[in-house]
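Peer 1: Quick one: the structure is below, questions incoming.
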Amino acid sequence: MPITIFSHPSCYYHENGVDHPECPERLSAINDQLIRSGMEYVVMQRDASPATKEALYLAHGKRYVDELFAKAPTEGHIWLDPDTIMGPKSLNAALHAAGSGINAVDQVMQGSNEQAFCAVRPPGHHATREQAMGFCLLNNIAIAAEHALNTYQLSRIAIVDFDVHHGNGTEDIFQHEPRVLFCSSFEHPLYPYTGADSSNEHIINLPLAGGCRSSAWREQVQQHWLPAIDAFAPQLILISAGFDGHAEDEMAHFMLREEDYQWIASELKQLADKHCQGRIVAMLEGGYALSALGRSVVAFLKGLL
């Protein structure tokens, strides 16, 4: 089965300002590399629909969601935290980013051996239940997980987050939810300076030093994540796919390559085939070196295939 890529034109119109790393060109870089690699012929592309407030309330506090809608500017911009900006078109972009995850979950749950990738922005994994932060307004992967738990009555979802920054928002939302196994690898110490000592039975954090190379990262994943996911036997695998651990990305100090993203996708696909009919939804998080981002996404998709 081909992979479905969900996106939406509105995701290009969320503006962070000149020279900001989280820029619309990120999505263009992915599309350009899909064309250059020939992958556009083996994926299906679909427009996402916006998430409803009711879907957001499952992962975020009602007051936070309502305030986000109320203070969305019609001109100019506001700062939601020292790193996170909101302009006139940001809320629409964030709603379509969150909606893409819901669409993707529906697609894979209603089919067999289905995988989906959400090429959207703004990213989501730093947004906590009650707070925007780290370029993230809404926690896209958490909203997708809550939709899967509630709509399809699932009892075991694995979320894998290989962004170079700790997925603190996702951990915040699911820290007391044993139906969700959360696995996050990240450089430590590094923004948001969390996760090094907050693991529990269903949260498996891998804090790794700057300069971490492929062999060390893969060894940690093989030792800690893969056996745990296998034992958990997930009914759905969700992936916060951040590609800012690439050696060319200046946002952090990992030394991963696109082959590592192909490898992790392949490993997770094998587990999905074993436990949940191949059902995987991946959501774009970080990745700011444009050429490396495009190449890494293509490599990751090849791993899913």
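If you're wondering about the labels, chains in the structure tokens are A, B, ... by order shown, residues count from 1 in each chain, ligands from 1 in order shown.
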Set the distance at 9 Å and use only C-alpha atoms: which residues neighbour segment 17-24 of chain A once local chain neighbours fewer than 6 positions away are removed? I'd like the list as a list in words.

Peer 2: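 What passes the distance filter is Cys11, Ile85, Arg121, Pro122, Pro123, Phe135, Met251, Gly286, Gly287, Tyr288 and Ala289 of chain A.
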
Peer 1: Taking the DSSP assignment computed from this structure's backbone, write out as a ChimeraX atom specification all residues of segment 56-283 of chain A that belong to strand (DSSP E or B).

Peer 2: /A:78-81,84-86,115-118,133,136,157-161,180-187,200,203-208,213,236-241,246,255-256,280-283

Peer 1: Let me make sure I understand: among A:Ser37, A:Gln115, A:Ser291, A:Gln220, which one has the smallest atom-to-atom distance to Leu305 of chain A if we use only C-alpha atoms?

Peer 2: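 With only C-alpha atoms as the atom set, the closest residue is A:Gln115.
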
Peer 1: Which of these, A:Lys302, A:Arg279, A:Arg26, A:His77, has the shortest distance to Ala265 of chain A once you count only C-alpha atoms?

Peer 2: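 Closest residue, counting only C-alpha atoms: A:Lys302.
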
Peer 1: Show me, as a list in words, the residues that have an atom within 6 Å of segment 238-249 of chain A when counting only C-alpha atoms, minus same-chain residues fewer than 6 positions from it.

Peer 2: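 Those residues are Ile159, Val160, Asp161, Phe162, Asp163, Val164, Met255, Leu256, Arg257, Ile280, Val281, Ala282, Met283, Leu284, Glu285, Gly286, Gly287 and Ala289 of chain A.
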
Peer 1: Take the selection from the previous step and output its residues with C-alpha atoms, as a PDB file, in the first residue's frame.

Peer 2:
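Written output follows (again28.pdb):
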```pdb
ATOM      1  CA  ILE A 159       4.287   7.216  20.596  1.00  0.00           C
ATOM      2  CA  VAL A 160       7.914   7.389  19.437  1.00  0.00           C
ATOM      3  CA  ASP A 161       9.574  10.819  19.437  1.00  0.00           C
ATOM      4  CA  PHE A 162      13.063  11.006  17.887  1.00  0.00           C
ATOM      5  CA  ASP A 163      13.245  14.794  17.638  1.00  0.00           C
ATOM      6  CA  VAL A 164      16.538  16.067  19.088  1.00  0.00           C
ATOM      7  CA  MET A 255      25.436  13.533  14.383  1.00  0.00           C
ATOM      8  CA  LEU A 256      22.645  11.442  12.849  1.00  0.00           C
ATOM      9  CA  ARG A 257      22.283  10.868   9.108  1.00  0.00           C
ATOM     10  CA  ILE A 280       1.666   3.938  11.602  1.00  0.00           C
ATOM     11  CA  VAL A 281       1.052   7.685  11.647  1.00  0.00           C
ATOM     12  CA  ALA A 282       4.099   9.979  11.634  1.00  0.00           C
ATOM     13  CA  MET A 283       3.922  13.710  12.299  1.00  0.00           C
ATOM     14  CA  LEU A 284       6.598  16.234  11.300  1.00  0.00           C
ATOM     15  CA  GLU A 285       8.180  17.984  14.278  1.00  0.00           C
ATOM     16  CA  GLY A 286      11.627  19.633  13.982  1.00  0.00           C
ATOM     17  CA  GLY A 287      14.215  19.673  11.214  1.00  0.00           C
ATOM     18  CA  ALA A 289      18.537  22.364   7.748  1.00  0.00           C
TER      19      ALA A 289
END
```

Peer 1: So which residues touch Ile78 of chain A within 12 Å, counting only C-alpha atoms, skipping near sequence neighbours fewer than 4 positions away, as a PyMOL selection string?

Peer 2: chain A and resi 15-17+68+71-74+82-91
